[in-house]
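> The following file, final_7.csv, comprises CSV, C-alpha atoms:
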```csv
chain,number,residue,atom,x,y,z
A,1,MET,CA,0.0,0.0,0.0
A,2,ASP,CA,1.4,3.4,-1.0
A,3,LEU,CA,2.3,5.2,2.2
A,4,ASP,CA,2.1,8.7,0.6
A,5,ILE,CA,-1.6,7.9,-0.3
A,6,VAL,CA,-2.2,6.6,3.2
A,7,ARG,CA,-0.6,9.8,4.7
A,8,THR,CA,-2.8,11.9,2.4
A,9,PHE,CA,-5.9,10.1,3.6
A,10,VAL,CA,-5.0,10.7,7.3
A,11,ALA,CA,-4.2,14.3,6.7
A,12,ALA,CA,-7.6,14.8,4.9
A,13,ALA,CA,-9.4,13.0,7.7
A,14,ASP,CA,-7.8,15.1,10.3
A,15,ALA,CA,-8.3,18.4,8.5
A,16,GLY,CA,-11.8,17.7,7.3
A,17,GLN,CA,-11.0,19.5,4.0
A,18,PHE,CA,-8.9,18.5,1.0
A,19,GLN,CA,-7.6,22.0,0.6
A,20,GLU,CA,-6.2,22.1,4.1
A,21,ALA,CA,-4.7,18.7,3.7
A,22,ALA,CA,-3.0,19.8,0.5
A,23,ALA,CA,-1.5,22.8,2.3
A,24,GLU,CA,-0.2,20.6,5.1
A,25,LEU,CA,1.4,18.2,2.6
A,26,ALA,CA,2.6,20.9,0.2
A,27,ILE,CA,0.8,19.4,-2.8
A,28,THR,CA,-2.2,20.6,-4.8
A,29,GLN,CA,-5.8,20.0,-3.9
A,30,GLN,CA,-6.1,18.1,-7.2
A,31,ALA,CA,-3.3,15.8,-6.1
A,32,VAL,CA,-5.1,15.1,-2.8
A,33,SER,CA,-8.3,14.2,-4.7
A,34,LYS,CA,-6.5,11.9,-7.0
A,35,ARG,CA,-4.7,10.1,-4.2
A,36,ILE,CA,-8.0,9.6,-2.3
A,37,ALA,CA,-9.6,8.4,-5.5
A,38,VAL,CA,-6.8,5.8,-6.0
A,39,LEU,CA,-7.2,4.6,-2.4
A,40,GLU,CA,-10.9,4.3,-2.7
A,41,ARG,CA,-10.6,2.4,-5.9
A,42,ASN,CA,-8.0,0.0,-4.4
A,43,LEU,CA,-10.2,-0.6,-1.3
A,44,GLY,CA,-13.4,-0.8,-3.2
A,45,VAL,CA,-15.2,1.6,-0.8
A,46,ARG,CA,-16.0,5.3,-0.5
A,47,LEU,CA,-13.9,6.9,2.3
A,48,PHE,CA,-15.3,10.5,2.2
A,49,THR,CA,-18.6,12.2,1.6
A,50,ARG,CA,-18.3,15.8,0.2
A,51,THR,CA,-20.3,18.4,2.2
A,52,PRO,CA,-20.6,22.2,2.1
A,53,ARG,CA,-18.1,22.3,4.9
A,54,GLY,CA,-15.5,20.0,3.4
A,55,ALA,CA,-15.2,16.3,3.5
A,56,GLU,CA,-16.6,13.9,6.1
A,57,LEU,CA,-15.5,10.3,6.6
A,58,THR,CA,-18.0,7.6,5.7
A,59,ILE,CA,-18.5,4.6,8.0
A,60,ASP,CA,-15.9,2.8,5.9
A,61,GLY,CA,-13.5,5.8,6.2
A,62,GLN,CA,-13.9,5.8,10.0
A,63,ALA,CA,-13.2,2.0,10.1
A,64,PHE,CA,-10.0,2.4,8.0
A,65,LEU,CA,-8.6,5.5,9.8
A,66,PRO,CA,-7.1,3.7,12.9
A,67,HIS,CA,-5.4,1.1,10.6
A,68,ALA,CA,-4.1,3.9,8.4
A,69,ARG,CA,-2.5,5.6,11.4
A,70,GLU,CA,-1.0,2.3,12.5
A,71,LEU,CA,0.5,1.8,9.0
A,72,LEU,CA,2.2,5.2,9.3
A,73,ARG,CA,3.5,4.4,12.8
A,74,VAL,CA,4.9,1.1,11.7
A,75,ALA,CA,6.7,2.8,8.8
A,76,GLU,CA,8.1,5.4,11.2
A,77,ARG,CA,9.5,2.7,13.5
A,78,ALA,CA,11.0,0.9,10.5
A,79,LEU,CA,12.8,4.0,9.5
A,80,ALA,CA,13.9,4.7,13.0
A,81,SER,CA,15.4,1.2,13.3
A,82,VAL,CA,18.0,2.1,10.6
A,83,HIS,CA,18.5,5.8,11.6
A,84,THR,CA,19.3,5.2,15.2
A,85,GLY,CA,21.3,8.4,15.7
A,86,ARG,CA,18.3,10.5,14.9
A,87,ARG,CA,16.0,9.2,17.7
A,88,ALA,CA,15.8,9.0,21.4
A,89,LEU,CA,17.2,6.0,23.2
A,90,ARG,CA,14.2,3.9,24.3
A,91,VAL,CA,14.7,2.2,27.6
A,92,ASP,CA,12.2,0.1,29.6
A,93,VAL,CA,12.1,0.2,33.4
A,94,ILE,CA,9.7,-1.9,35.5
A,95,ALA,CA,8.4,1.1,37.6
A,96,SER,CA,9.0,4.8,37.6
A,97,ARG,CA,9.9,4.8,41.3
A,98,GLY,CA,12.1,1.7,41.2
A,99,ALA,CA,15.9,1.3,41.5
A,100,THR,CA,16.4,1.0,37.8
A,101,ALA,CA,14.6,4.2,37.1
A,102,GLY,CA,17.1,5.7,39.5
A,103,LEU,CA,20.0,4.3,37.5
A,104,LEU,CA,18.5,5.8,34.4
A,105,ARG,CA,18.1,9.2,36.0
A,106,GLY,CA,21.7,9.1,37.0
A,107,PHE,CA,22.6,8.3,33.4
A,108,HIS,CA,20.5,11.3,32.2
A,109,ARG,CA,22.2,13.6,34.7
A,110,ALA,CA,25.6,12.5,33.5
A,111,HIS,CA,24.6,12.7,29.8
A,112,PRO,CA,21.9,15.4,29.4
A,113,GLU,CA,22.7,15.7,25.7
A,114,ILE,CA,21.3,12.2,25.1
A,115,GLU,CA,17.6,12.1,24.5
A,116,LEU,CA,15.8,9.4,26.4
A,117,ASP,CA,12.4,7.8,25.9
A,118,VAL,CA,11.4,5.9,29.1
A,119,VAL,CA,8.7,3.2,28.8
A,120,MET,CA,7.3,0.7,31.4
A,121,LEU,CA,6.5,-2.7,30.0
A,122,PHE,CA,5.0,-5.6,32.0
A,123,ASP,CA,7.3,-8.6,32.2
A,124,ILE,CA,10.5,-10.0,30.7
A,125,GLU,CA,8.7,-11.7,27.8
A,126,THR,CA,7.1,-8.5,26.7
A,127,ALA,CA,10.4,-6.6,27.1
A,128,VAL,CA,12.4,-9.2,25.1
A,129,ALA,CA,9.8,-9.1,22.3
A,130,ALA,CA,10.1,-5.3,22.2
A,131,ILE,CA,13.9,-5.4,22.1
A,132,ARG,CA,13.8,-8.0,19.2
A,133,SER,CA,11.3,-5.9,17.2
A,134,GLY,CA,13.2,-2.7,17.7
A,135,THR,CA,10.4,-1.0,19.7
A,136,ILE,CA,12.9,-0.4,22.6
A,137,ASP,CA,16.6,-0.4,22.8
A,138,ALA,CA,17.2,-1.8,26.3
A,139,SER,CA,15.3,-3.1,29.3
A,140,PHE,CA,16.2,-3.5,33.0
A,141,ARG,CA,15.0,-6.9,34.2
A,142,ALA,CA,15.9,-9.9,36.4
A,143,VAL,CA,17.3,-12.7,34.3
A,144,ALA,CA,17.3,-15.5,33.5
A,145,VAL,CA,14.5,-17.6,34.8
A,146,PRO,CA,15.4,-21.3,34.2
A,147,ASP,CA,12.5,-22.3,32.0
A,148,LYS,CA,12.7,-19.0,30.0
A,149,PRO,CA,16.3,-18.6,28.8
A,150,LEU,CA,17.1,-15.5,26.8
A,151,PRO,CA,17.2,-15.8,23.0
A,152,PRO,CA,20.8,-15.9,21.7
A,153,ASP,CA,20.5,-12.5,20.1
A,154,ILE,CA,19.7,-10.8,23.4
A,155,ALA,CA,22.6,-9.8,25.6
A,156,SER,CA,22.5,-9.0,29.3
A,157,VAL,CA,24.7,-7.8,32.1
A,158,ARG,CA,24.0,-7.7,35.8
A,159,VAL,CA,24.1,-4.1,37.0
A,160,LEU,CA,22.6,-3.9,40.5
A,161,ASP,CA,21.6,-6.0,43.4
A,162,GLU,CA,18.9,-4.2,45.3
A,163,PRO,CA,18.6,-5.2,49.0
A,164,LEU,CA,15.0,-6.0,50.1
A,165,GLN,CA,13.9,-4.3,53.3
A,166,LEU,CA,10.9,-5.1,55.5
A,167,MET,CA,8.3,-2.3,55.6
A,168,THR,CA,5.9,-2.3,58.6
A,169,GLY,CA,3.4,-0.1,60.3
A,170,PRO,CA,4.2,1.4,63.7
A,171,ALA,CA,2.2,-1.3,65.6
A,172,HIS,CA,3.8,-4.3,63.9
A,173,ALA,CA,5.7,-6.8,66.2
A,174,LEU,CA,9.0,-6.0,64.4
A,175,ALA,CA,8.5,-2.3,64.1
A,176,GLY,CA,11.1,-1.4,66.7
A,177,ALA,CA,13.9,-3.6,65.3
A,178,ARG,CA,17.0,-1.9,63.9
A,179,SER,CA,17.4,-5.0,61.6
A,180,VAL,CA,15.8,-8.4,61.3
A,181,THR,CA,17.2,-11.7,60.1
A,182,VAL,CA,15.5,-13.8,57.5
A,183,ALA,CA,14.8,-16.5,60.2
A,184,GLN,CA,12.9,-13.9,62.3
A,185,LEU,CA,10.5,-13.3,59.4
A,186,VAL,CA,9.2,-16.9,59.5
A,187,GLY,CA,5.6,-16.9,60.7
A,188,HIS,CA,5.0,-13.3,59.8
A,189,ARG,CA,2.6,-12.4,57.0
A,190,ILE,CA,4.3,-10.5,54.2
A,191,TRP,CA,1.7,-9.1,51.8
A,192,MET,CA,2.6,-8.3,48.2
A,193,PRO,CA,-0.5,-8.0,46.1
A,194,GLY,CA,1.5,-6.9,43.0
A,195,ILE,CA,3.1,-10.4,42.4
A,196,VAL,CA,1.8,-11.8,39.2
A,197,PRO,CA,2.2,-15.5,38.6
A,198,GLY,CA,4.6,-16.3,35.7
A,199,THR,CA,6.6,-13.1,35.9
A,200,GLU,CA,10.3,-12.9,36.7
A,201,TRP,CA,9.6,-11.2,40.1
A,202,ALA,CA,7.1,-13.9,41.0
A,203,VAL,CA,9.7,-16.6,40.4
A,204,PHE,CA,12.2,-14.7,42.5
A,205,TYR,CA,9.8,-14.5,45.5
A,206,ASP,CA,8.7,-18.1,45.0
A,207,ASP,CA,12.3,-19.1,45.4
A,208,LEU,CA,12.7,-16.9,48.4
A,209,VAL,CA,9.7,-18.5,50.1
A,210,ALA,CA,11.0,-22.0,49.2
A,211,GLU,CA,14.5,-21.3,50.5
A,212,PHE,CA,13.6,-19.8,53.9
A,213,GLY,CA,10.0,-20.9,54.7
A,214,LEU,CA,8.5,-17.4,54.6
A,215,THR,CA,4.9,-16.6,54.1
A,216,ILE,CA,4.3,-14.2,51.2
A,217,GLU,CA,0.6,-13.5,50.3
A,218,ALA,CA,-0.4,-12.0,47.0
A,219,THR,CA,-4.1,-12.1,47.7
A,220,GLY,CA,-6.5,-9.3,46.9
A,221,PRO,CA,-6.6,-6.8,44.0
A,222,ASN,CA,-3.5,-4.7,43.4
A,223,PHE,CA,-4.6,-1.0,43.8
A,224,GLY,CA,-1.1,0.3,43.5
A,225,SER,CA,1.7,1.3,45.9
A,226,ASP,CA,-0.3,4.1,47.7
A,227,ALA,CA,-3.0,1.6,48.7
A,228,LEU,CA,-0.4,-0.9,49.8
A,229,LEU,CA,1.2,1.7,52.1
A,230,ASP,CA,-2.2,2.6,53.5
A,231,THR,CA,-2.9,-1.0,54.4
A,232,ILE,CA,0.6,-1.7,55.9
A,233,ALA,CA,0.4,1.5,58.0
A,234,ASP,CA,-3.0,0.5,59.4
A,235,THR,CA,-2.6,-3.3,59.8
A,236,PRO,CA,-0.3,-4.6,62.6
A,237,ALA,CA,-0.4,-8.2,61.3
A,238,LEU,CA,1.0,-7.3,57.8
A,239,ALA,CA,4.3,-6.3,56.5
A,240,THR,CA,5.7,-6.1,53.0
A,241,PHE,CA,9.1,-6.2,51.2
A,242,MET,CA,10.3,-3.0,49.5
A,243,GLY,CA,13.5,-2.4,47.6
A,244,GLU,CA,16.0,-0.3,49.4
A,245,HIS,CA,16.3,2.1,46.4
A,246,THR,CA,12.5,2.3,45.7
A,247,ARG,CA,11.3,5.8,46.1
A,248,HIS,CA,8.1,6.3,48.1
A,249,VAL,CA,6.6,9.2,50.0
A,250,TRP,CA,3.9,8.8,52.6
A,251,PRO,CA,2.2,11.0,55.2
A,252,ALA,CA,4.2,11.5,58.4
A,253,GLY,CA,1.3,10.1,60.4
A,254,TYR,CA,1.7,6.7,58.9
A,255,GLY,CA,4.8,5.9,61.0
A,256,LEU,CA,6.0,3.4,58.5
A,257,ARG,CA,9.3,1.6,59.2
A,258,MET,CA,11.9,0.4,56.7
A,259,ILE,CA,14.0,-2.4,58.4
A,260,PRO,CA,17.1,-4.0,56.8
A,261,VAL,CA,17.0,-7.8,56.4
A,262,THR,CA,20.2,-9.7,57.2
A,263,ASP,CA,21.7,-13.2,57.5
A,264,PRO,CA,21.5,-13.4,54.6
A,265,MET,CA,20.4,-10.2,52.9
A,266,PRO,CA,17.9,-11.0,50.1
A,267,VAL,CA,18.7,-8.8,47.0
A,268,TYR,CA,16.8,-8.4,43.8
A,269,PRO,CA,19.1,-8.8,40.8
A,270,HIS,CA,18.7,-6.1,38.1
A,271,SER,CA,20.2,-6.7,34.7
A,272,LEU,CA,20.4,-4.6,31.5
A,273,LEU,CA,19.1,-6.4,28.4
A,274,TRP,CA,19.7,-5.3,24.8
A,275,HIS,CA,19.9,-6.7,21.2
A,276,ARG,CA,23.4,-7.7,20.3
A,277,ASP,CA,23.1,-6.0,16.9
A,278,ASN,CA,21.6,-2.7,18.1
A,279,PRO,CA,23.8,0.1,16.7
A,280,HIS,CA,22.3,3.0,18.7
A,281,PRO,CA,25.3,5.0,19.8
A,282,ALA,CA,23.7,6.0,23.1
A,283,LEU,CA,23.3,2.4,24.1
A,284,ALA,CA,27.0,2.0,24.3
A,285,SER,CA,27.1,5.2,26.5
A,286,LEU,CA,24.5,3.7,28.8
A,287,ARG,CA,26.4,0.5,29.2
A,288,THR,CA,29.7,2.3,29.9
A,289,HIS,CA,27.9,4.5,32.5
A,290,LEU,CA,26.5,1.5,34.3
A,291,ALA,CA,29.8,-0.3,34.3
A,292,ALA,CA,31.5,2.7,35.9
A,293,SER,CA,28.8,3.4,38.4
A,294,ASP,CA,29.1,2.4,42.1
A,295,ALA,CA,26.2,-0.1,41.8
A,296,ARG,CA,27.4,-3.5,43.1
A,297,TYR,CA,26.3,-7.1,42.9
A,298,GLY,CA,27.4,-10.4,44.2
A,299,ALA,CA,28.4,-9.0,47.7
A,300,THR,CA,29.2,-11.5,50.5
A,301,GLY,CA,26.3,-12.1,52.8
A,302,THR,CA,23.6,-11.6,50.2
A,303,TRP,CA,21.1,-14.1,48.7
A,304,VAL,CA,19.8,-14.5,45.1
A,305,PRO,CA,18.2,-17.5,43.5
A,306,ASP,CA,20.5,-20.1,42.0
A,307,TRP,CA,19.4,-19.2,38.4
A,308,VAL,CA,20.7,-15.6,38.7
A,309,SER,CA,23.7,-15.1,36.4
A,310,GLU,CA,27.0,-13.9,38.0
A,311,SER,CA,27.7,-11.6,35.1
```
Take the structure I supplied and represent it as structure tokens, if you would.

Amino acid sequence: MDLDIVRTFVAAADAGQFQEAAAELAITQQAVSKRIAVLERNLGVRLFTRTPRGAELTIDGQAFLPHARELLRVAERALASVHTGRRALRVDVIASRGATAGLLRGFHRAHPEIELDVVMLFDIETAVAAIRSGTIDASFRAVAVPDKPLPPDIASVRVLDEPLQLMTGPAHALAGARSVTVAQLVGHRIWMPGIVPGTEWAVFYDDLVAEFGLTIEATGPNFGSDALLDTIADTPALATFMGEHTRHVWPAGYGLRMIPVTDPMPVYPHSLLWHRDNPHPALASLRTHLAASDARYGATGTWVPDWVSES
């Protein structure tokens, strides 16, 4: 399908007049009419109805419009995939307040000249598919789950082990502790409604439970982090795990406690994933920045599942 004709159709649909579409595209009104006529002939339907005010989409035109827009978006992504120096570096982080978002903010402060496009995808399978399609350039994830190995064209490097801390309300039995051991958490209810079965973070917490005999509950709907903080603050029987570098703000009256966990310290392993053939120059800058940062992994006294790569 001729993309210039599709682009003309979208311009005419948005403008509501062939004359305005012609001005936007820097072509004649006659050329707009001819392109629309060719498209209608190829599709076998009428796309516009002429009115005293201009041109209105028919039912068929309304049906075709979102597909026409998607054709143009696909074409734009295809061009961007081979003109990497002309577009922003697209990086996926799992949450805007998480540790990896902090790593990316540090990169932006160090390299303000590099344009960034930050996205938040759901799980590692979605992220890997987006990397392979060229939709994103890199993703911060925990890898690799044993039954979901990375494809050979996807590279990864471990960049940060984030310590887990116990978050409690002021009336929780452990609220006054300066630190707690993993053994002390046995028998306490740890509530994490955001855990989704089959995701990489679900596998991580399943292994944590299996290793130390903890009780992690993922029951109830996930209304987001603010609702989680409300519940933890008001419920003495519940606690939750929170990454040490996760940014949260709560009212002073909540009295929430963040308590280090030790012996061993559970850490969530963050890695950077990218396509081995991705030529975007800023991707190399990001990798160099992360390699030179003070983020550490594999420290003595920490715990990660057996499937976590050491590199």
> Region 157-169 of chain A: which residues within 8 Å, counting only C-alpha atoms, same-chain residues fewer than 5 positions away excluded, as a PyMOL selection string?
chain A and resi 99+174-175+232-236+238-245+254-261+265-273+290-291+295-298+309-311
> Figure out the distance between CA of Ala130 (chain A) and CA of Leu65 (chain A), please, to one decimal in Å.
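Computed distance, CA of Leu65 (chain A) to CA of Ala130 (chain A), equals 24.9 Å.
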> Please determine, counting all atoms listed in the file, which residue among A:Asn222, A:Thr28, A:Gln62, A:Thr126 has the shortest atom-to-atom distance to Asp92 (chain A).
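Nearest to Asp92 (chain A): A:Thr126.
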> Please provide as a ChimeraX atom specification all residues within 9 Å of Ala13 (chain A), with the sequence filter that same-chain residues fewer than 5 positions apart are discarded (counting all atoms listed in the file).
/A:8,18,21,48,55-57,61-62,65
> Can you spit out the residues from that selection as a compact mmCIF listing (two decimals), keeping the file's coordinate frame, using C-alpha atoms?

```
# COMPACT_ATOMS: atom_id res chain seq x y z
CA THR A 8 -2.80 11.90 2.40
CA PHE A 18 -8.90 18.50 1.00
CA ALA A 21 -4.70 18.70 3.70
CA PHE A 48 -15.30 10.50 2.20
CA ALA A 55 -15.20 16.30 3.50
CA GLU A 56 -16.60 13.90 6.10
CA LEU A 57 -15.50 10.30 6.60
CA GLY A 61 -13.50 5.80 6.20
CA GLN A 62 -13.90 5.80 10.00
CA LEU A 65 -8.60 5.50 9.80
```
> Set the distance at 7 Å and use only C-alpha atoms: which residues neighbour Arg46 (chain A) once local chain neighbours fewer than 6 positions away are removed? I'd like the list as a PyMOL selection string.
chain A and resi 40+58+60
> Which of these residues is nearest to Gly102 (chain A), using all atoms listed in the file: A:Lys34, A:Arg247, A:Arg73, A:Arg90?
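When distances to Gly102 (chain A) are compared using all atoms listed in the file, the smallest one comes from A:Arg247.
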> With distances taken over all atoms listed in the file, which of A:Ala110, A:Leu104, A:Ala129, A:Ala26 is nearest to Asp153 (chain A)?
A:Ala129
